[in-house]
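Below is one structure, written out as structure tokens, with a few remarks after it.
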Amino acid sequence: MKRLLRLIGAFLLLALSSALAPAAAQGEGSIAGFAADDYSETDKALGALAASARPDAPAIVEALRDGRLLASPSTKLVVYKDAKGATLDAATGLPAAAAPADLAPVRLNNRLRRSVDAALGSLTLMSSDPARRLAAAQSAFKARDANALPALEAALAKESDARIQRELAAARAAILAAKADAPEAQRIAAVDTLRDRGDQDARTALAVVVANSQGALKATADEALRHVDSGLALWANAQNVWYGLSLGSVLLLAAIGLAITFGVMGVINMAHGEMVMLGAYTTFVVQEWIRAHNPALFDVSLLIALPLAFVVTGAVGVLIERTVIRFLYGRALETLLATWGVSLILQQAVRTWFGANNREVGAPSWMSGSFELGGLSITYGRMWIVVFTIGVFFALQLVLRATPFGLRMRAVTQNRRMASAMGIDTNRIDALAFGLGSGIAGVAGVALSQIDNVSPNLGQSYIIDSFMVVVFGGVGNLWGTLVAALTLGVANKFLEPFVGAVLGKIALLVFIILFIQKRPRGMFALKGRAVEA
Amino acid sequence: MRMSLTRRMALRAAGALFGGALAVGSFGAQAQETIKVGVLHSLSGTMAISETTLKDVMLMLIEEQNKKGGLLGKKLEAVVVDPASNWPLFAEKARELIAKDKVAATFGCWTSVSRKSVLPVFKELNSILFYPVQYEGEESERNVFYTGAAPNQQAIPAVDYLMKEEKVQRWVLAGTDYVYPRTTNKILEAYLKAKGVAPEDIMINYTPFGHSDWQTIVSDIKKFGSAGKKTAVVSTINGDANVPFYKELGNQGVAAKDIPVVAFSVGEEELAGVDTKPLLGHLAAWNYFQSIKTPENDAFIAKWKAFTKNPKRVTNDPMEAHVVGFQMWVKAVEKAGTTDADKVIDALPGIEAPNLTGGVSKMLPNHHITKPVFIGEIKGDGQFDVVWKTKDLVPGDAWTDFLPGSRELEADWVTLKCGNYNTVTKKCG
């Protein structure tokens, strides 16, 4: 009984103190809530700010979103940095005088981030900047917040831009369709709007309607959902093809250097993966230098890294050829062991030099994010890698077909003695060809640093796949490598949704083993004298 | 003749002198006899990325203990070996540490498979292993002390958090294809179903080690998340595969506010290689975060940065586990007055040591320890912002209560002297 009484007492005290706290906060204006360092207080302050008619409210909410809203728990001072870098007092909007020592960014969690987006959406729906209005409409569509309906309708009435109008209408439809107290005809019309939109967000909105409705509305929504699903399924296939091409281009990029060193020169080069890794580390070093000395160049860091990576890994390649491989031509097993050793040495060297941890290679702005193409969502990073791979492939073809060096290299591969008799310095050509293969691997490393870990183990994960691609495509044939990489990529991506990533990979390996049994020289076998060389 | 005689004498004299020097030398060595501590972490190969740090932290702790005067009046000496991410080599190196170097205790292993590989060695040669990494549970051995989290100290609280705070109703359990994710996901699946989650609201997905092409899986997750119910991803994806996974999430625009990802193997160290701005708000569950403000933690971080001479070095959860484990071992050796394995094993349960987050962890009879559980959101600078924590320390449970066959088992090395006592049949084993 006594314990119970004490409990009740404690509870009352708690209720009293929590009742007093907001009162105190309100006394200083809602803005001070940001300084409480408490998520629910921040939420309340945000709600009050969004409801207030303050002209600088969007700026403050944006500052909150970007971590530029600072608060001091001790003095309850809340300031924000505007776009120009000036520090303003959030309560008054005037430049802030003194900054207390415990000024720290106001913390957000996921719930608050959603509130911030919703608040920003309703605050910027009427913005004069069309891009911001579009973003606001899109976030309102995703948020489906019933309270935003009046603001949306007002904005819709005033909007003149057709694209923004469409987004606003979709947002309105998504809210109306799920609104239990809206007239049924209105809701069905809203469902139709969503049906016509047919994307994944519309599907989400429709799924909510299906789950919470009855009768005619449910039937309409159900039909609409199926319609959207069948549309999405079609796009999913197209998406798979794109993913396959993108995976294939990564495989091709990793394998293309090997197609020279292994395919053309016949060296089983286990250190190929480490060349890719060195290229990635070159990118890292370039970016570190840019971060430290000239941050403005960051967006072109990859373009700067490309030639450097080619030179660095090419030089390492020539060095390996001159010191190890040239003594081992024609002795495949010894080459395999020697290059395997070289790969371990390179790995451990990088580990000692840069540390075992991953290194951060940032994505330039033009390689971040994604865009929609119909129902396809294409990420910029992957798209540029596909483009880059095609570029590298044709550049290499050009070098092999249209330059004196390419001619000599092909001559040496076809018939070493004859080439030598014609006055070609075969030693020099070997070294340069190995350097070219390694250099291309390095260039691949620059691109792969964008999608994979930059760690000493980077190369290991690509070496097996690269050999697989080159052997499958037919040793010594660049076009074979291209077709093999793309085939494996697309096949992998079509298998993955059905059997999962692990089984998919196994299935492909089994397929390749069977294929090699049937056609030991790969898809496009070289014919004639080159085979014997 | 004379000449040769004197020469011989001279030689003999020199020999005697040399021998004397040797003898003195060995006396000196005896006077400075050390207690050897084994450090069994991969310094090369795939796991070097995670384990090298733990080797460094052990060296720092031992150096610090020596500055305090060592242990039992003797200096500690670290014996570092490199099992090179090769599981059978772990067993060989463990044998070398115990049989040849006569270490008093070993701190080591990361992956569960490496722990399983050294287990027979520690049992056979009766030595002590401190294992610092969160793992799948379902084990309690007399010779092993688990200072990392058991599933009830990490996975279950994280799922509870998502259910309560984020109102998640649909679950993607994504993991790398090996024993830790598979067992953890089995436990989580059973737990979610017990909480009334329908089977069609759970999607389980496994990927190979080092998986780097996440396009299909991320778009599957997006699709799974468009069913109108709040969706979250529980990730047991291991180390290296995480960076491309998070990059793909960021690129495909899967934001934490729409589909949060809570990870069990992603900490400060793993994020050091990622641009975390697109990952803002994704979650991790651990028993320690570098960002937690306590005097102990601040001091530890400062020491660590000074020791590694790198002001950018981060700290993480398994490091803290070694800090706690090492303190417990030191206290147990002091209590037992010897480094003898049997006496230290008996002394360890009940030993308390302050952790870095302001609490006092205790070694339990099941050889697991009590730990606080924190949920952190990823911040833009690669650190975590703690958004939730348990009120008290959670005792580690070796055998989960959510799987049949494991529910009945109990580990107690103090009264029952058994790691898998069956409470139904009342038998050990």
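Just remember, in the structure tokens the first chain shown is A, the second B, etc., residues are 1-based per chain, and ligands are 1-based in the order shown.
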Run DSSP on the backbone and give me the residues of region 147-392 of chain B it puts in strand (DSSP E or B), as a tab-separated table (two decimals) with all heavy atoms, in the first residue's frame.
```tsv
chain	number	residue	atom	x	y	z
B	170	ARG	N	6.39	-4.63	-41.74
B	170	ARG	CA	6.90	-5.55	-42.76
B	170	ARG	C	8.41	-5.59	-42.64
B	170	ARG	O	9.05	-4.55	-42.47
B	170	ARG	CB	6.52	-5.03	-44.15
B	170	ARG	CG	5.53	-5.89	-44.87
B	170	ARG	CD	4.96	-5.10	-46.00
B	170	ARG	NE	5.39	-5.65	-47.30
B	170	ARG	CZ	4.82	-6.70	-47.86
B	170	ARG	NH1	3.86	-7.35	-47.26
B	170	ARG	NH2	5.23	-7.13	-49.04
B	171	TRP	N	8.99	-6.76	-42.75
B	171	TRP	CA	10.40	-6.94	-42.40
B	171	TRP	C	11.19	-7.60	-43.52
B	171	TRP	O	10.77	-8.62	-44.04
B	171	TRP	CB	10.52	-7.80	-41.15
B	171	TRP	CG	9.76	-7.25	-40.01
B	171	TRP	CD1	8.42	-7.41	-39.76
B	171	TRP	CD2	10.26	-6.40	-38.97
B	171	TRP	NE1	8.07	-6.71	-38.62
B	171	TRP	CE2	9.18	-6.10	-38.12
B	171	TRP	CE3	11.52	-5.87	-38.67
B	171	TRP	CZ2	9.32	-5.29	-37.00
B	171	TRP	CZ3	11.66	-5.08	-37.56
B	171	TRP	CH2	10.57	-4.79	-36.73
B	172	VAL	N	12.30	-7.01	-43.85
B	172	VAL	CA	13.25	-7.67	-44.74
B	172	VAL	C	14.44	-8.09	-43.88
B	172	VAL	O	15.05	-7.25	-43.21
B	172	VAL	CB	13.75	-6.71	-45.84
B	172	VAL	CG1	14.72	-7.43	-46.76
B	172	VAL	CG2	12.59	-6.14	-46.63
B	173	LEU	N	14.71	-9.40	-43.84
B	173	LEU	CA	15.88	-9.88	-43.11
B	173	LEU	C	16.95	-10.20	-44.15
B	173	LEU	O	16.86	-11.20	-44.86
B	173	LEU	CB	15.55	-11.11	-42.28
B	173	LEU	CG	14.33	-11.02	-41.36
B	173	LEU	CD1	14.15	-12.33	-40.61
B	173	LEU	CD2	14.48	-9.88	-40.37
B	174	ALA	N	17.93	-9.32	-44.29
B	174	ALA	CA	18.95	-9.50	-45.33
B	174	ALA	C	20.27	-9.83	-44.68
B	174	ALA	O	20.68	-9.15	-43.73
B	174	ALA	CB	19.07	-8.24	-46.17
B	175	GLY	N	20.94	-10.85	-45.18
B	175	GLY	CA	22.20	-11.22	-44.57
B	175	GLY	C	23.17	-11.86	-45.54
B	175	GLY	O	22.79	-12.25	-46.64
B	176	THR	N	24.41	-11.94	-45.11
B	176	THR	CA	25.42	-12.68	-45.86
B	176	THR	C	25.23	-14.15	-45.55
B	176	THR	O	24.78	-14.50	-44.46
B	176	THR	CB	26.81	-12.20	-45.43
B	176	THR	OG1	26.86	-10.80	-45.62
B	176	THR	CG2	27.90	-12.84	-46.26
B	202	ILE	N	7.33	-11.08	-44.06
B	202	ILE	CA	8.75	-11.26	-43.79
B	202	ILE	C	9.44	-11.72	-45.07
B	202	ILE	O	8.99	-12.68	-45.70
B	202	ILE	CB	8.98	-12.32	-42.68
B	202	ILE	CG1	8.27	-11.91	-41.41
B	202	ILE	CG2	10.48	-12.50	-42.43
B	202	ILE	CD1	8.33	-12.93	-40.31
B	203	MET	N	10.47	-11.01	-45.48
B	203	MET	CA	11.23	-11.42	-46.66
B	203	MET	C	12.66	-11.71	-46.20
B	203	MET	O	13.26	-10.90	-45.53
B	203	MET	CB	11.21	-10.29	-47.68
B	203	MET	CG	12.17	-10.43	-48.83
B	203	MET	SD	11.88	-9.05	-49.99
B	203	MET	CE	13.54	-8.71	-50.52
B	204	ILE	N	13.16	-12.89	-46.54
B	204	ILE	CA	14.51	-13.25	-46.11
B	204	ILE	C	15.39	-13.37	-47.34
B	204	ILE	O	14.99	-13.96	-48.34
B	204	ILE	CB	14.51	-14.57	-45.32
B	204	ILE	CG1	13.64	-14.38	-44.07
B	204	ILE	CG2	15.91	-14.96	-44.91
B	204	ILE	CD1	13.56	-15.58	-43.18
B	205	ASN	N	16.56	-12.78	-47.28
B	205	ASN	CA	17.42	-12.76	-48.45
B	205	ASN	C	18.87	-12.96	-48.05
B	205	ASN	O	19.36	-12.31	-47.14
B	205	ASN	CB	17.23	-11.39	-49.12
B	205	ASN	CG	18.03	-11.28	-50.38
B	205	ASN	OD1	19.26	-11.25	-50.33
B	205	ASN	ND2	17.37	-11.21	-51.51
B	206	TYR	N	19.54	-13.89	-48.74
B	206	TYR	CA	20.96	-14.10	-48.45
B	206	TYR	C	21.80	-13.81	-49.68
B	206	TYR	O	21.39	-14.04	-50.82
B	206	TYR	CB	21.21	-15.54	-48.00
B	206	TYR	CG	20.62	-15.82	-46.65
B	206	TYR	CD1	19.48	-16.59	-46.52
B	206	TYR	CD2	21.19	-15.28	-45.52
B	206	TYR	CE1	18.92	-16.82	-45.28
B	206	TYR	CE2	20.64	-15.51	-44.28
B	206	TYR	CZ	19.50	-16.28	-44.16
B	206	TYR	OH	18.97	-16.50	-42.94
B	207	THR	N	22.99	-13.29	-49.44
B	207	THR	CA	23.90	-12.97	-50.54
B	207	THR	C	25.27	-13.55	-50.22
B	207	THR	O	25.59	-13.76	-49.05
B	207	THR	CB	24.05	-11.45	-50.69
B	207	THR	OG1	24.10	-10.89	-49.39
B	207	THR	CG2	22.91	-10.86	-51.46
B	231	THR	N	7.86	-0.51	-43.69
B	231	THR	CA	8.82	-1.58	-43.90
B	231	THR	C	10.19	-1.20	-43.36
B	231	THR	O	10.57	-0.03	-43.42
B	231	THR	CB	8.93	-1.89	-45.41
B	231	THR	OG1	7.64	-2.14	-45.91
B	231	THR	CG2	9.82	-3.09	-45.67
B	232	ALA	N	10.92	-2.18	-42.84
B	232	ALA	CA	12.29	-1.93	-42.40
B	232	ALA	C	13.16	-3.11	-42.82
B	232	ALA	O	12.67	-4.21	-43.03
B	232	ALA	CB	12.35	-1.75	-40.89
B	233	VAL	N	14.44	-2.85	-42.95
B	233	VAL	CA	15.39	-3.89	-43.29
B	233	VAL	C	16.25	-4.18	-42.07
B	233	VAL	O	16.78	-3.26	-41.45
B	233	VAL	CB	16.31	-3.46	-44.46
B	233	VAL	CG1	17.28	-4.57	-44.80
B	233	VAL	CG2	15.49	-3.07	-45.67
B	234	VAL	N	16.34	-5.44	-41.70
B	234	VAL	CA	17.24	-5.85	-40.62
B	234	VAL	C	18.44	-6.51	-41.30
B	234	VAL	O	18.31	-7.55	-41.93
B	234	VAL	CB	16.55	-6.83	-39.66
B	234	VAL	CG1	17.52	-7.28	-38.60
B	234	VAL	CG2	15.34	-6.18	-39.05
B	235	SER	N	19.59	-5.87	-41.20
B	235	SER	CA	20.73	-6.31	-42.00
B	235	SER	C	21.78	-7.00	-41.16
B	235	SER	O	22.31	-6.45	-40.21
B	235	SER	CB	21.34	-5.10	-42.71
B	235	SER	OG	22.70	-5.32	-42.97
B	236	THR	N	22.06	-8.25	-41.54
B	236	THR	CA	23.19	-8.96	-40.96
B	236	THR	C	24.24	-9.13	-42.05
B	236	THR	O	24.99	-10.09	-42.06
B	236	THR	CB	22.77	-10.32	-40.41
B	236	THR	OG1	21.81	-10.89	-41.28
B	236	THR	CG2	22.17	-10.21	-39.04
B	261	VAL	N	17.12	0.99	-42.44
B	261	VAL	CA	17.91	-0.24	-42.38
B	261	VAL	C	18.60	-0.27	-41.03
B	261	VAL	O	19.31	0.68	-40.68
B	261	VAL	CB	18.98	-0.26	-43.49
B	261	VAL	CG1	19.82	-1.52	-43.37
B	261	VAL	CG2	18.34	-0.18	-44.85
B	262	VAL	N	18.38	-1.33	-40.26
B	262	VAL	CA	19.11	-1.45	-39.00
B	262	VAL	C	20.14	-2.56	-39.17
B	262	VAL	O	19.83	-3.66	-39.60
B	262	VAL	CB	18.18	-1.69	-37.80
B	262	VAL	CG1	17.32	-2.92	-38.00
B	262	VAL	CG2	18.98	-1.81	-36.52
B	263	ALA	N	21.41	-2.21	-38.90
B	263	ALA	CA	22.49	-3.15	-39.17
B	263	ALA	C	23.13	-3.62	-37.88
B	263	ALA	O	23.19	-2.87	-36.90
B	263	ALA	CB	23.53	-2.49	-40.05
B	283	LEU	N	20.07	2.88	-39.27
B	283	LEU	CA	20.33	2.58	-37.86
B	283	LEU	C	21.35	1.47	-37.67
B	283	LEU	O	21.61	0.69	-38.57
B	283	LEU	CB	19.02	2.13	-37.21
B	283	LEU	CG	17.87	3.11	-37.34
B	283	LEU	CD1	16.56	2.37	-37.39
B	283	LEU	CD2	17.90	4.08	-36.20
B	284	ALA	N	21.92	1.44	-36.49
B	284	ALA	CA	22.75	0.31	-36.10
B	284	ALA	C	22.47	0.05	-34.63
B	284	ALA	O	22.19	0.97	-33.87
B	284	ALA	CB	24.22	0.61	-36.32
B	285	ALA	N	22.55	-1.21	-34.25
B	285	ALA	CA	22.36	-1.57	-32.85
B	285	ALA	C	23.67	-2.13	-32.32
B	285	ALA	O	24.25	-3.03	-32.91
B	285	ALA	CB	21.26	-2.63	-32.73
B	286	TRP	N	24.16	-1.53	-31.25
B	286	TRP	CA	25.41	-1.98	-30.64
B	286	TRP	C	25.34	-1.76	-29.14
B	286	TRP	O	24.39	-1.18	-28.62
B	286	TRP	CB	26.60	-1.16	-31.17
B	286	TRP	CG	27.03	-1.43	-32.58
B	286	TRP	CD1	26.84	-0.60	-33.64
B	286	TRP	CD2	27.75	-2.55	-33.10
B	286	TRP	NE1	27.40	-1.14	-34.77
B	286	TRP	CE2	27.95	-2.33	-34.47
B	286	TRP	CE3	28.25	-3.73	-32.52
B	286	TRP	CZ2	28.63	-3.25	-35.28
B	286	TRP	CZ3	28.91	-4.63	-33.33
B	286	TRP	CH2	29.11	-4.39	-34.69
B	352	GLU	N	33.26	-7.85	-11.88
B	352	GLU	CA	32.64	-6.69	-12.49
B	352	GLU	C	33.70	-5.75	-13.01
B	352	GLU	O	34.77	-5.62	-12.42
B	352	GLU	CB	31.77	-5.96	-11.47
B	352	GLU	CG	30.56	-6.78	-11.06
B	352	GLU	CD	29.60	-5.99	-10.20
B	352	GLU	OE1	30.05	-5.00	-9.58
B	352	GLU	OE2	28.42	-6.36	-10.14
B	353	ALA	N	33.42	-5.10	-14.13
B	353	ALA	CA	34.36	-4.12	-14.66
B	353	ALA	C	33.56	-3.01	-15.31
B	353	ALA	O	32.54	-3.26	-15.96
B	353	ALA	CB	35.27	-4.79	-15.70
B	354	PRO	N	33.98	-1.75	-15.12
B	354	PRO	CA	33.25	-0.64	-15.73
B	354	PRO	C	33.39	-0.70	-17.25
B	354	PRO	O	34.47	-0.97	-17.77
B	354	PRO	CB	33.93	0.59	-15.16
B	354	PRO	CG	35.27	0.13	-14.72
B	354	PRO	CD	35.13	-1.29	-14.34
B	360	VAL	N	28.45	-0.70	-15.26
B	360	VAL	CA	29.41	-1.70	-14.79
B	360	VAL	C	28.95	-3.06	-15.32
B	360	VAL	O	27.88	-3.53	-14.99
B	360	VAL	CB	29.49	-1.71	-13.26
B	360	VAL	CG1	30.43	-2.82	-12.79
B	360	VAL	CG2	29.96	-0.37	-12.74
B	361	SER	N	29.77	-3.66	-16.17
B	361	SER	CA	29.41	-4.95	-16.74
B	361	SER	C	29.88	-6.06	-15.81
B	361	SER	O	30.87	-5.91	-15.11
B	361	SER	CB	30.06	-5.13	-18.11
B	361	SER	OG	29.43	-4.30	-19.05
B	362	LYS	N	29.13	-7.17	-15.84
B	362	LYS	CA	29.43	-8.27	-14.93
B	362	LYS	C	29.55	-9.55	-15.71
B	362	LYS	O	28.75	-9.80	-16.62
B	362	LYS	CB	28.28	-8.37	-13.92
B	362	LYS	CG	28.49	-9.39	-12.84
B	362	LYS	CD	27.35	-9.29	-11.84
B	362	LYS	CE	27.43	-10.41	-10.83
B	362	LYS	NZ	26.27	-10.40	-9.93
B	363	MET	N	30.54	-10.36	-15.37
B	363	MET	CA	30.66	-11.67	-16.01
B	363	MET	C	29.66	-12.61	-15.37
B	363	MET	O	29.61	-12.74	-14.14
B	363	MET	CB	32.09	-12.20	-15.86
B	363	MET	CG	32.31	-13.57	-16.47
B	363	MET	SD	32.02	-13.66	-18.26
B	363	MET	CE	33.41	-12.76	-18.92
B	368	HIS	N	28.84	-15.14	-20.42
B	368	HIS	CA	28.50	-13.94	-21.18
B	368	HIS	C	28.48	-12.78	-20.18
B	368	HIS	O	28.53	-12.99	-18.97
B	368	HIS	CB	27.14	-14.09	-21.86
B	368	HIS	CG	27.18	-15.08	-22.99
B	368	HIS	ND1	27.45	-16.41	-22.79
B	368	HIS	CD2	27.00	-14.94	-24.32
B	368	HIS	CE1	27.44	-17.03	-23.96
B	368	HIS	NE2	27.15	-16.16	-24.91
B	369	ILE	N	28.41	-11.54	-20.69
B	369	ILE	CA	28.44	-10.42	-19.75
B	369	ILE	C	27.19	-9.56	-19.88
B	369	ILE	O	26.41	-9.72	-20.83
B	369	ILE	CB	29.70	-9.53	-19.94
B	369	ILE	CG1	29.66	-8.79	-21.26
B	369	ILE	CG2	30.97	-10.36	-19.84
B	369	ILE	CD1	30.79	-7.77	-21.40
B	370	THR	N	26.97	-8.70	-18.92
B	370	THR	CA	25.84	-7.78	-19.00
B	370	THR	C	26.28	-6.56	-19.80
B	370	THR	O	27.40	-6.08	-19.64
B	370	THR	CB	25.36	-7.34	-17.61
B	370	THR	OG1	26.46	-6.72	-16.95
B	370	THR	CG2	24.88	-8.50	-16.79
B	371	LYS	N	25.39	-6.08	-20.63
B	371	LYS	CA	25.71	-4.96	-21.52
B	371	LYS	C	24.50	-4.06	-21.69
B	371	LYS	O	23.37	-4.55	-21.71
B	371	LYS	CB	26.07	-5.49	-22.92
B	371	LYS	CG	27.45	-6.09	-23.05
B	371	LYS	CD	27.57	-6.78	-24.38
B	371	LYS	CE	29.02	-6.94	-24.77
B	371	LYS	NZ	29.66	-5.78	-25.28
B	374	PHE	N	22.26	-0.03	-27.27
B	374	PHE	CA	22.00	1.30	-27.85
B	374	PHE	C	21.56	1.15	-29.29
B	374	PHE	O	22.04	0.29	-30.01
B	374	PHE	CB	23.28	2.15	-27.85
B	374	PHE	CG	23.84	2.41	-26.49
B	374	PHE	CD1	24.85	1.61	-25.97
B	374	PHE	CD2	23.36	3.45	-25.72
B	374	PHE	CE1	25.37	1.83	-24.72
B	374	PHE	CE2	23.88	3.69	-24.45
B	374	PHE	CZ	24.89	2.88	-23.96
B	375	ILE	N	20.63	2.01	-29.70
B	375	ILE	CA	20.30	2.11	-31.12
B	375	ILE	C	20.79	3.48	-31.57
B	375	ILE	O	20.48	4.49	-30.94
B	375	ILE	CB	18.79	2.04	-31.36
B	375	ILE	CG1	18.17	0.84	-30.65
B	375	ILE	CG2	18.48	2.04	-32.85
B	375	ILE	CD1	18.22	-0.45	-31.36
B	376	GLY	N	21.60	3.51	-32.62
B	376	GLY	CA	22.13	4.77	-33.10
B	376	GLY	C	21.73	5.02	-34.54
B	376	GLY	O	21.56	4.08	-35.31
B	377	GLU	N	21.55	6.30	-34.88
B	377	GLU	CA	21.29	6.66	-36.27
B	377	GLU	C	22.57	7.19	-36.88
B	377	GLU	O	23.31	7.95	-36.24
B	377	GLU	CB	20.21	7.74	-36.35
B	377	GLU	CG	18.82	7.20	-36.12
B	377	GLU	CD	17.74	8.25	-36.41
B	377	GLU	OE1	18.09	9.39	-36.79
B	377	GLU	OE2	16.56	7.91	-36.24
B	378	ILE	N	22.84	6.83	-38.13
B	378	ILE	CA	24.06	7.29	-38.79
B	378	ILE	C	23.98	8.80	-39.01
B	378	ILE	O	22.96	9.31	-39.45
B	378	ILE	CB	24.24	6.56	-40.14
B	378	ILE	CG1	24.38	5.06	-39.89
B	378	ILE	CG2	25.44	7.10	-40.89
B	378	ILE	CD1	24.44	4.23	-41.15
B	384	PHE	N	27.55	7.88	-34.94
B	384	PHE	CA	26.16	7.52	-34.66
B	384	PHE	C	25.59	8.43	-33.59
B	384	PHE	O	26.29	8.85	-32.67
B	384	PHE	CB	26.07	6.07	-34.19
B	384	PHE	CG	26.38	5.08	-35.26
B	384	PHE	CD1	27.69	4.71	-35.53
B	384	PHE	CD2	25.37	4.52	-36.01
B	384	PHE	CE1	27.97	3.80	-36.53
B	384	PHE	CE2	25.64	3.60	-37.01
B	384	PHE	CZ	26.94	3.24	-37.26
B	385	ASP	N	24.31	8.71	-33.74
B	385	ASP	CA	23.60	9.51	-32.76
B	385	ASP	C	22.68	8.55	-32.02
B	385	ASP	O	21.80	7.94	-32.63
B	385	ASP	CB	22.80	10.56	-33.54
B	385	ASP	CG	22.24	11.62	-32.64
B	385	ASP	OD1	22.63	11.63	-31.45
B	385	ASP	OD2	21.42	12.42	-33.11
B	386	VAL	N	22.88	8.39	-30.71
B	386	VAL	CA	22.08	7.41	-29.98
B	386	VAL	C	20.65	7.90	-29.86
B	386	VAL	O	20.41	8.99	-29.33
B	386	VAL	CB	22.69	7.14	-28.59
B	386	VAL	CG1	21.76	6.24	-27.78
B	386	VAL	CG2	24.04	6.50	-28.74
B	387	VAL	N	19.69	7.14	-30.38
B	387	VAL	CA	18.29	7.57	-30.32
B	387	VAL	C	17.49	6.77	-29.30
B	387	VAL	O	16.37	7.11	-28.97
B	387	VAL	CB	17.60	7.47	-31.69
B	387	VAL	CG1	18.15	8.49	-32.65
B	387	VAL	CG2	17.74	6.08	-32.28
B	388	TRP	N	18.08	5.69	-28.83
B	388	TRP	CA	17.36	4.86	-27.88
B	388	TRP	C	18.36	4.01	-27.12
B	388	TRP	O	19.39	3.64	-27.67
B	388	TRP	CB	16.38	3.95	-28.63
B	388	TRP	CG	15.55	3.06	-27.75
B	388	TRP	CD1	14.38	3.38	-27.16
B	388	TRP	CD2	15.84	1.71	-27.38
B	388	TRP	NE1	13.92	2.31	-26.44
B	388	TRP	CE2	14.79	1.27	-26.55
B	388	TRP	CE3	16.89	0.83	-27.65
B	388	TRP	CZ2	14.75	0.00	-26.00
B	388	TRP	CZ3	16.86	-0.45	-27.10
B	388	TRP	CH2	15.78	-0.86	-26.28
B	389	LYS	N	18.09	3.74	-25.85
B	389	LYS	CA	18.94	2.79	-25.13
B	389	LYS	C	18.13	2.06	-24.07
B	389	LYS	O	17.08	2.54	-23.65
B	389	LYS	CB	20.14	3.50	-24.52
B	389	LYS	CG	19.76	4.50	-23.47
B	389	LYS	CD	21.01	5.08	-22.83
B	389	LYS	CE	20.63	6.11	-21.80
B	389	LYS	NZ	21.73	6.86	-21.31
```
Shell around region 77-79 of chain A at 12 Å using only C-alpha atoms, local window under 2 positions removed, as a ChimeraX atom specification: /A:25,28-37,42,45,59-61,63-64,67-75,81-82,85-106
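One distance worth recording is that between CA of Leu46 (chain A) and CA of Pro157 (chain B), which is 29.2 Å.
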Surrounding residues of region 311-318 of chain B excluding itself and chain neighbours under 4 positions, 7 Å, only C-alpha atoms, as a list in words: Pro132, Val133, Gly148, Gly267, Glu268, Glu269, Trp286, Asn287, Tyr288, Phe289, Gln290, Ile301, Lys305 and His322 of chain B
Nearby residues (only C-alpha atoms) at most 10 Å from Gly45 (chain B), same-chain spacing under 6 positions excluded, as a count of residues only: 12
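Near Ser230 (chain A), within 12 Å and counting only C-alpha atoms, sit Arg195, Gly198, Asp199, Gln200, Arg203, Glu223, Ala224, Leu225, Arg226, His227, Val228, Leu232, Ala233, Leu234, Trp235, Ala236, Asn237 and Gly375 of chain A, not including residues fewer than 2 positions from it in the same chain.
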Output C-alpha atoms of each residue in that selection to a file, as a short mmCIF file (atom, residue, chain, number, x, y, z; two decimals), in the first residue's frame.
```cif
data_model
loop_
_atom_site.label_atom_id
_atom_site.label_comp_id
_atom_site.auth_asym_id
_atom_site.auth_seq_id
_atom_site.Cartn_x
_atom_site.Cartn_y
_atom_site.Cartn_z
CA ARG A 195 -4.22 4.04 -61.50
CA GLY A 198 1.00 3.60 -62.25
CA ASP A 199 4.34 3.96 -60.48
CA GLN A 200 5.62 2.39 -57.29
CA ARG A 203 1.04 1.36 -55.85
CA GLU A 223 -8.58 -3.56 -60.04
CA ALA A 224 -6.39 -0.46 -60.15
CA LEU A 225 -3.76 -2.19 -58.02
CA ARG A 226 -3.69 -5.17 -60.38
CA HIS A 227 -3.44 -2.84 -63.36
CA VAL A 228 -0.53 -0.98 -61.78
CA LEU A 232 5.20 -2.53 -63.06
CA ALA A 233 5.95 -6.18 -63.88
CA LEU A 234 6.60 -5.20 -67.50
CA TRP A 235 8.94 -2.46 -66.41
CA ALA A 236 10.60 -4.87 -63.98
CA ASN A 237 11.75 -6.93 -66.95
CA GLY A 375 9.18 3.01 -65.11
#
```
Backbone DSSP call of helix (DSSP H, G or I) for region 350-526 of chain A, listed as a PyMOL selection string: chain A and resi 350-354+365-367+380-402+404-414+416-421+426-448+460-473+478-518
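Taking CA of Ala299 (chain B) and CA of Thr53 (chain B) as endpoints, the distance between them is 17.9 Å.
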